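Dumped coords-v5.cif below, it's mmCIF, C-alpha atoms:
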```cif
data_run
loop_
_atom_site.label_atom_id
_atom_site.label_comp_id
_atom_site.auth_asym_id
_atom_site.auth_seq_id
_atom_site.Cartn_x
_atom_site.Cartn_y
_atom_site.Cartn_z
CA MET J 1 -14.41 16.93 -34.00
CA LYS J 2 -13.25 15.71 -30.58
CA ASN J 3 -12.36 12.06 -30.07
CA LYS J 4 -13.52 10.09 -27.03
CA PHE J 5 -10.29 10.73 -25.12
CA GLU J 6 -10.58 14.50 -25.57
CA GLU J 7 -14.25 14.40 -24.57
CA ASN J 8 -13.40 12.47 -21.41
CA ILE J 9 -10.69 14.92 -20.40
CA ILE J 10 -12.80 18.03 -21.06
CA ASN J 11 -15.88 16.58 -19.35
CA LEU J 12 -13.85 15.69 -16.28
CA TYR J 13 -11.46 18.63 -16.01
CA GLY J 14 -13.10 21.48 -17.94
CA GLU J 15 -10.79 24.38 -18.83
CA GLN J 16 -7.86 22.69 -17.12
CA GLY J 17 -8.40 19.70 -19.38
CA LYS J 18 -8.56 21.87 -22.50
CA SER J 19 -5.31 23.57 -21.58
CA TRP J 20 -3.61 20.22 -20.85
CA LEU J 21 -4.73 18.79 -24.19
CA HIS J 22 -3.51 21.91 -26.00
CA ASN J 23 -0.09 21.58 -24.39
CA ILE J 24 0.27 17.79 -24.47
CA SER J 25 2.78 17.81 -27.36
CA ASN J 26 5.00 20.28 -25.50
CA ILE J 27 4.73 18.21 -22.31
CA VAL J 28 5.76 15.05 -24.17
CA GLN J 29 8.66 16.84 -25.87
CA GLU J 30 9.93 18.26 -22.58
CA ILE J 31 9.83 14.86 -20.88
CA SER J 32 11.37 13.08 -23.84
CA ILE J 33 14.36 15.44 -23.72
CA LYS J 34 14.71 15.07 -19.95
CA TRP J 35 14.47 11.27 -19.96
CA GLY J 36 16.12 10.58 -23.33
CA LEU J 37 13.08 9.16 -25.13
CA SER J 38 12.60 8.65 -28.86
CA ASP J 39 10.19 7.29 -31.48
CA LEU J 40 7.12 8.11 -29.40
CA ASN J 41 3.72 7.11 -30.75
CA PRO J 42 0.38 7.40 -28.92
CA PHE J 43 -1.79 4.37 -28.26
CA THR J 44 -5.13 4.36 -30.06
CA ASN J 45 -7.36 3.27 -27.15
CA LEU J 46 -6.84 6.26 -24.86
CA SER J 47 -9.38 6.95 -22.13
CA TYR J 48 -8.29 9.27 -19.28
CA ASN J 49 -4.49 9.20 -19.63
CA TYR J 50 -2.24 10.08 -22.56
CA VAL J 51 -0.10 7.00 -23.22
CA VAL J 52 2.67 6.61 -25.80
CA SER J 53 5.13 3.87 -26.68
CA GLY J 54 8.73 4.43 -27.69
CA TYR J 55 12.33 3.89 -26.65
CA ARG J 56 14.76 4.99 -23.99
CA GLU J 57 18.05 4.30 -25.73
CA ASN J 58 17.37 0.72 -26.94
CA GLN J 59 14.82 -0.18 -24.29
CA PRO J 60 11.13 -0.26 -25.31
CA ILE J 61 9.13 1.96 -22.94
CA VAL J 62 5.67 3.32 -22.26
CA LEU J 63 5.15 6.92 -21.16
CA LYS J 64 1.91 7.59 -19.29
CA LEU J 65 0.70 11.15 -18.62
CA GLY J 66 -2.37 12.20 -16.68
CA LEU J 67 -4.10 15.04 -14.88
CA ASP J 68 -5.06 12.89 -11.91
CA ILE J 69 -1.78 13.35 -10.08
CA GLU J 70 -2.83 11.37 -7.02
CA ALA J 71 -4.02 8.39 -9.07
CA LEU J 72 -0.69 8.22 -10.91
CA ARG J 73 1.17 8.51 -7.61
CA LYS J 74 -0.80 5.57 -6.20
CA GLU J 75 -0.25 3.55 -9.36
CA ALA J 76 3.50 4.18 -9.13
CA ALA J 77 3.52 3.12 -5.49
CA ALA J 78 1.65 -0.09 -6.33
CA LEU J 79 3.96 -0.86 -9.25
CA ARG J 80 7.02 -0.51 -7.04
CA VAL J 81 5.57 -3.10 -4.66
CA PHE J 82 4.38 -5.43 -7.42
CA SER J 83 7.55 -5.18 -9.55
CA ARG J 84 8.95 -8.48 -8.24
CA HIS J 85 5.57 -10.12 -7.98
CA GLY J 86 4.13 -10.02 -11.48
CA GLY J 87 3.79 -6.29 -12.11
CA ILE J 88 5.29 -4.28 -14.94
CA GLU J 89 8.46 -2.41 -13.93
CA ILE J 90 8.33 1.33 -13.29
CA LEU J 91 11.49 3.10 -14.49
CA LEU J 92 10.99 6.78 -13.66
CA GLU J 93 8.33 8.99 -12.12
CA LYS J 94 7.54 12.69 -11.91
CA GLU J 95 4.37 14.61 -11.13
CA GLY J 96 1.78 13.62 -13.72
CA ALA J 97 4.06 11.21 -15.58
CA LEU J 98 5.20 7.59 -15.32
CA LEU J 99 7.85 5.88 -17.41
CA LEU J 100 7.28 2.13 -17.61
CA GLU J 101 8.97 -0.80 -19.28
CA GLN J 102 7.07 -1.97 -22.33
CA ALA J 103 5.98 -5.59 -22.29
CA ILE J 104 6.84 -7.40 -25.52
CA THR J 105 4.79 -8.87 -27.23
CA GLY J 106 2.30 -6.69 -25.41
CA ASP J 107 -0.77 -8.73 -26.35
CA SER J 108 -3.47 -8.59 -23.69
CA LEU J 109 -5.40 -11.52 -22.29
CA LYS J 110 -8.49 -10.11 -24.00
CA SER J 111 -7.24 -11.86 -27.16
CA TYR J 112 -8.09 -15.20 -25.49
CA PHE J 113 -11.81 -14.41 -25.31
CA PRO J 114 -13.93 -16.38 -25.98
CA LYS J 115 -12.19 -19.39 -27.54
CA ARG J 116 -9.49 -19.79 -24.89
CA ASP J 117 -11.43 -18.54 -21.89
CA ILE J 118 -10.62 -21.30 -19.40
CA GLU J 119 -6.94 -21.01 -20.32
CA SER J 120 -7.16 -17.28 -19.63
CA VAL J 121 -8.56 -18.01 -16.15
CA GLN J 122 -5.55 -20.25 -15.49
CA ILE J 123 -3.18 -17.46 -16.56
CA ALA J 124 -5.03 -14.89 -14.44
CA ALA J 125 -5.00 -17.19 -11.41
CA ASN J 126 -1.24 -17.72 -11.71
CA LEU J 127 -0.67 -13.98 -11.93
CA ILE J 128 -3.00 -13.25 -9.02
CA SER J 129 -1.06 -15.74 -6.90
CA LYS J 130 2.14 -13.81 -7.63
CA LEU J 131 0.62 -10.38 -7.02
CA HIS J 132 -0.88 -11.41 -3.70
CA LYS J 133 2.54 -12.42 -2.38
CA ALA J 134 3.65 -8.78 -2.49
CA PRO J 135 4.23 -7.14 0.91
CA ILE J 136 1.37 -5.03 2.27
CA ASN J 137 2.11 -1.33 2.58
CA GLN J 138 -0.26 0.39 4.99
CA ASP J 139 -0.06 3.59 2.94
CA PHE J 140 -2.58 2.05 0.55
CA PRO J 141 -6.33 2.47 1.12
CA HIS J 142 -8.48 -0.41 2.35
CA ILE J 143 -11.20 -1.93 0.22
CA LYS J 144 -13.78 -0.91 2.81
CA ASP J 145 -13.09 2.73 1.84
CA TRP J 146 -14.12 1.99 -1.75
CA LEU J 147 -17.20 0.10 -0.61
CA THR J 148 -18.70 3.06 1.23
CA ALA J 149 -19.99 4.04 -2.25
CA LEU J 150 -22.65 1.34 -1.78
CA ASP J 151 -24.29 3.49 0.90
CA ARG J 152 -24.96 6.38 -1.46
CA ASP J 153 -28.39 7.30 -2.75
CA VAL J 154 -28.14 6.31 -6.42
CA ASP J 155 -30.56 5.40 -9.18
CA LEU J 156 -30.44 1.61 -8.77
CA PRO J 157 -33.15 -0.79 -7.57
CA ILE J 158 -33.27 -0.68 -3.77
CA ASP J 159 -33.31 -4.48 -3.46
CA ILE J 160 -30.03 -4.64 -5.41
CA LEU J 161 -28.44 -2.04 -3.16
CA ILE J 162 -29.67 -3.73 0.02
CA LYS J 163 -28.26 -7.08 -1.12
CA ALA J 164 -24.91 -5.53 -2.08
CA ARG J 165 -24.65 -3.75 1.29
CA ARG J 166 -25.50 -6.94 3.19
CA LEU J 167 -22.98 -9.02 1.25
CA ARG J 168 -20.32 -6.32 1.64
CA ASP J 169 -20.73 -6.32 5.42
CA GLU J 170 -20.68 -10.13 5.61
CA LEU J 171 -17.62 -10.42 3.37
CA LEU J 172 -15.65 -7.80 5.26
CA GLU J 173 -16.56 -9.35 8.60
CA THR J 174 -15.60 -12.89 7.55
CA SER J 175 -12.38 -12.04 5.72
CA THR J 176 -9.52 -14.09 7.18
CA GLU J 177 -6.72 -12.81 4.96
CA GLU J 178 -5.74 -9.44 3.56
CA VAL J 179 -3.34 -8.78 0.69
CA LEU J 180 -2.34 -5.90 -1.54
CA LEU J 181 -4.87 -6.12 -4.36
CA HIS J 182 -4.38 -4.99 -7.93
CA GLY J 183 -7.87 -3.49 -7.73
CA TYR J 184 -8.85 -3.71 -11.40
CA LEU J 185 -7.35 -6.87 -12.87
CA ARG J 186 -9.38 -7.08 -16.08
CA HIS J 187 -8.21 -8.80 -19.28
CA ASP J 188 -6.78 -5.58 -20.77
CA ASN J 189 -4.52 -5.17 -17.73
CA ILE J 190 -2.85 -8.57 -18.14
CA ILE J 191 -0.13 -8.29 -20.81
CA LYS J 192 2.20 -10.83 -22.43
CA LYS J 193 5.88 -10.25 -21.66
CA GLY J 194 8.05 -12.85 -23.35
CA GLU J 195 6.79 -16.20 -22.05
CA ASP J 196 5.22 -14.62 -18.96
CA TRP J 197 2.20 -12.44 -18.22
CA VAL J 198 2.41 -9.23 -16.19
CA ALA J 199 -0.07 -6.79 -14.67
CA ILE J 200 -0.38 -3.12 -15.61
CA ASP J 201 -2.45 -0.22 -14.26
CA PRO J 202 -2.81 -1.35 -10.63
CA LYS J 203 -4.95 0.70 -8.24
CA GLY J 204 -3.31 -0.62 -5.08
CA VAL J 205 -5.82 -1.37 -2.31
CA ILE J 206 -5.74 -3.68 0.70
CA GLY J 207 -8.40 -6.33 1.12
CA ASP J 208 -9.80 -9.82 0.67
CA PRO J 209 -7.96 -11.80 -2.07
CA ALA J 210 -11.26 -12.85 -3.69
CA PHE J 211 -12.09 -9.24 -4.55
CA ASP J 212 -9.39 -9.25 -7.26
CA LEU J 213 -11.23 -12.01 -9.14
CA ALA J 214 -14.39 -9.98 -9.66
CA ALA J 215 -13.06 -7.56 -12.28
CA PHE J 216 -11.74 -10.41 -14.39
CA ILE J 217 -14.99 -12.39 -14.10
CA MET J 218 -17.10 -9.48 -15.38
CA ASN J 219 -14.84 -8.66 -18.35
CA PRO J 220 -14.19 -8.09 -21.20
CA ILE J 221 -16.92 -5.47 -21.53
CA PRO J 222 -18.96 -5.26 -23.76
CA GLU J 223 -17.94 -8.51 -25.46
CA LEU J 224 -18.96 -10.71 -22.54
CA ALA J 225 -22.31 -8.96 -22.10
CA ASP J 226 -23.08 -9.55 -25.78
CA ASP J 227 -22.24 -13.27 -25.62
CA ILE J 228 -25.32 -15.53 -25.45
CA ASP J 229 -23.37 -17.86 -23.15
CA ALA J 230 -22.34 -15.09 -20.73
CA SER J 231 -23.98 -16.68 -17.67
CA SER J 232 -22.27 -20.01 -18.30
CA ILE J 233 -18.92 -18.31 -18.94
CA ILE J 234 -19.16 -16.39 -15.66
CA GLU J 235 -20.11 -19.49 -13.67
CA ASN J 236 -17.33 -21.56 -15.26
CA ARG J 237 -14.83 -18.84 -14.34
CA ILE J 238 -16.02 -18.81 -10.74
CA ILE J 239 -15.70 -22.60 -10.44
CA LYS J 240 -12.25 -22.61 -12.08
CA PHE J 241 -10.93 -19.78 -9.87
CA SER J 242 -12.29 -21.57 -6.81
CA SER J 243 -10.40 -24.73 -7.74
CA LEU J 244 -7.16 -23.02 -8.72
CA LEU J 245 -6.92 -20.59 -5.79
CA ASN J 246 -8.70 -22.65 -3.11
CA ILE J 247 -11.31 -19.95 -2.48
CA ASP J 248 -14.92 -20.82 -1.69
CA ALA J 249 -17.01 -20.43 -4.85
CA ASN J 250 -19.87 -18.73 -3.00
CA ARG J 251 -17.46 -16.16 -1.67
CA ILE J 252 -16.28 -15.42 -5.21
CA ARG J 253 -19.91 -15.13 -6.38
CA ASP J 254 -20.70 -12.69 -3.58
CA TRP J 255 -17.69 -10.47 -4.32
CA TYR J 256 -18.60 -10.58 -8.00
CA PHE J 257 -22.10 -9.30 -7.20
CA VAL J 258 -20.75 -6.55 -4.92
CA LYS J 259 -18.21 -5.44 -7.54
CA ARG J 260 -20.86 -5.33 -10.27
CA VAL J 261 -23.02 -3.02 -8.14
CA LEU J 262 -20.01 -0.91 -7.14
CA CYS J 263 -19.03 -0.44 -10.79
CA SER J 264 -22.63 0.50 -11.64
CA ILE J 265 -22.55 3.21 -8.99
CA TRP J 266 -19.23 4.55 -10.26
CA ALA J 267 -20.61 4.60 -13.81
CA ILE J 268 -23.71 6.52 -12.70
CA GLU J 269 -21.58 9.06 -10.86
CA ASP J 270 -19.23 9.45 -13.85
CA ARG J 271 -22.20 10.20 -16.12
CA SER J 272 -23.56 12.72 -13.64
CA HIS J 273 -20.26 14.63 -13.81
CA ASN J 274 -20.39 14.86 -17.62
#
```
Mind turning this structure into structure tokens?
Amino acid sequence: MKNKFEENIINLYGEQGKSWLHNISNIVQEISIKWGLSDLNPFTNLSYNYVVSGYRENQPIVLKLGLDIEALRKEAAALRVFSRHGGIEILLEKEGALLLEQAITGDSLKSYFPKRDIESVQIAANLISKLHKAPINQDFPHIKDWLTALDRDVDLPIDILIKARRLRDELLETSTEEVLLHGYLRHDNIIKKGEDWVAIDPKGVIGDPAFDLAAFIMNPIPELADDIDASSIIENRIIKFSSLLNIDANRIRDWYFVKRVLCSIWAIEDRSHN
């Protein structure tokens, strides 16, 4: 019986995915010999990449393998830029593989939900401030490229799409600052490293700083959606982020709405490919 990770890979990549899964042990062994890795153990919450923890000599590491070569290349490029600005350090890279430092303790900010939610917003805001000080590299895509997805004909209420398109255009037109965004800074991508918190799995995209708040505000999924106080939690996060980062609360609300619709479109398209 296939697990969710295997189903995802086969649904997305077909026969190529089946072959990659069949050979994954050999791929890991080859890389471990080349890079001097040991004690490798896979993570349990795999989705679209094969990720293992282990050691390179005495250094704790994470090895990340994937079939989306371009996505891993972009992640590596973003990590190199973010490495001195709150991102996890990338150690080595080859086609389809990244070797990363392992954050210890490695607990994610998801563990703060719901009892320490406002504290988690403070931590996220501090990390966002660091990330957004990273230099902009024009090799990264612009957020407006992602947002063209809102113009597609998808199975969502037309009034929702019209509102998202209008807000997108207004937000892009009124943006006064652009930074290198993480792109998907949810709770699971903020990890404890000693006394600090670092970001993992960046997408790397240029755009309005407020866009990076939206993913955090709408997560963790599905725990937040199942919480009877979800609306209050979301509003409290918006107000707290506005205060901490000096960003207009209405602007944060608007980006949150746009990101929710964008993620819905991506989810619909992912299901249509399965």
Around region 178-197 of chain J, with edges along x, y and z and 6 Å added on all six sides, what centre and edge lengths do you get, in Å to one decimal, as AutoDock Vina command-line options?
```
--center_x -0.7 --center_y -9.8 --center_z -9.9 --size_x 29.4 --size_y 24.7 --size_z 38.9
```
Exercise for the section: Just say which residues the PyMOL selection byres ((chain J and resi 64-79) around 6) picks in this file, as a list in words. Expected result: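 Here the PyMOL selection byres ((chain J and resi 64-79) around 6) matches Asn49, Tyr50, Val51, Leu63, Arg80, Val81, Phe82, Ser83, Gly96, Ala97, Leu98, Pro202, Lys203 and Gly204 of chain J.
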Write a file of the just-selected residues containing C-alpha atoms, as a CSV table (one decimal), in the coordinates of the input.
```csv
chain,number,residue,atom,x,y,z
J,49,ASN,CA,-4.5,9.2,-19.6
J,50,TYR,CA,-2.2,10.1,-22.6
J,51,VAL,CA,-0.1,7.0,-23.2
J,63,LEU,CA,5.2,6.9,-21.2
J,80,ARG,CA,7.0,-0.5,-7.0
J,81,VAL,CA,5.6,-3.1,-4.7
J,82,PHE,CA,4.4,-5.4,-7.4
J,83,SER,CA,7.6,-5.2,-9.6
J,96,GLY,CA,1.8,13.6,-13.7
J,97,ALA,CA,4.1,11.2,-15.6
J,98,LEU,CA,5.2,7.6,-15.3
J,202,PRO,CA,-2.8,-1.4,-10.6
J,203,LYS,CA,-5.0,0.7,-8.2
J,204,GLY,CA,-3.3,-0.6,-5.1
```
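With distances restricted to all atoms listed in the file, J:Ser47 is the closest residue to Ile10 (chain J) from J:Ile31, J:Ser47, J:Gln138, J:Gly207.
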Problem - Ground truth for the PyMOL selection byres ((chain J and resi 187) around 12), written as a PyMOL selection string - result: chain J and resi 107-114+117+120-121+123-125+127+184-186+188-192+197-201+213-221+223-224
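With all atoms listed in the file as the atoms that count, the minimum distance from Ser129 (chain J) to the choices J:Pro222, J:Gly86, J:Gly17, J:Gly36 is reached by J:Gly86.
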Exercise for the section: Give the answer as one residue: which of J:Leu21, J:Ile265, J:Val258, J:Ile136 has the shortest atom-to-atom distance to Leu181 (chain J), using only C-alpha atoms? Expected result: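 The answer is J:Ile136, which sits nearest to Leu181 (chain J).
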Exercise for the section: Would you mind telling me which residue in J:Asp39, J:Asp153, J:Glu95, J:Glu101 lies nearest to Pro60 (chain J) when using only C-alpha atoms? Expected result: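 Of all the options, J:Glu101 lies closest to Pro60 (chain J).
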Practice task
Run the PyMOL selection byres ((chain J and resi 5) around 10) on the file and write out the hits as a PyMOL selection string.
Solution key: chain J and resi 2-4+6-11+21+44-50
Exercise for the section: Would you mind reading off the distance between CA of Asp212 (chain J) and CA of His182 (chain J), one decimal, in Å? Expected result: 6.6 Å
Handout entry: Pick from J:Glu173, J:Glu15, J:Asp139, J:Asp196 nearest to Asn126 (chain J), counting all atoms listed in the file
Key =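 The answer is J:Asp196, which sits nearest to Asn126 (chain J).
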Handout entry: Shortest interatomic distance to Pro141 (chain J) - which of J:Lys115, J:Asp155, J:Gly183, J:Leu161, counting all atoms listed in the file
Key = J:Gly183
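The residue set within 6 Å of Val52 (chain J), counting only C-alpha atoms and dropping same-chain residues fewer than 3 places from it, reads J:Leu40, J:Asn41, J:Pro42, J:Phe43, J:Val62, J:Leu63.
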Dump C-alpha atoms for the selected residues as a PDB file, in the coordinates of the input?
```pdb
ATOM      1  CA  LEU J  40       7.120   8.110 -29.400  1.00  0.00           C
ATOM      2  CA  ASN J  41       3.720   7.110 -30.750  1.00  0.00           C
ATOM      3  CA  PRO J  42       0.380   7.400 -28.920  1.00  0.00           C
ATOM      4  CA  PHE J  43      -1.790   4.370 -28.260  1.00  0.00           C
ATOM      5  CA  VAL J  62       5.670   3.320 -22.260  1.00  0.00           C
ATOM      6  CA  LEU J  63       5.150   6.920 -21.160  1.00  0.00           C
TER       7      LEU J  63
END
```
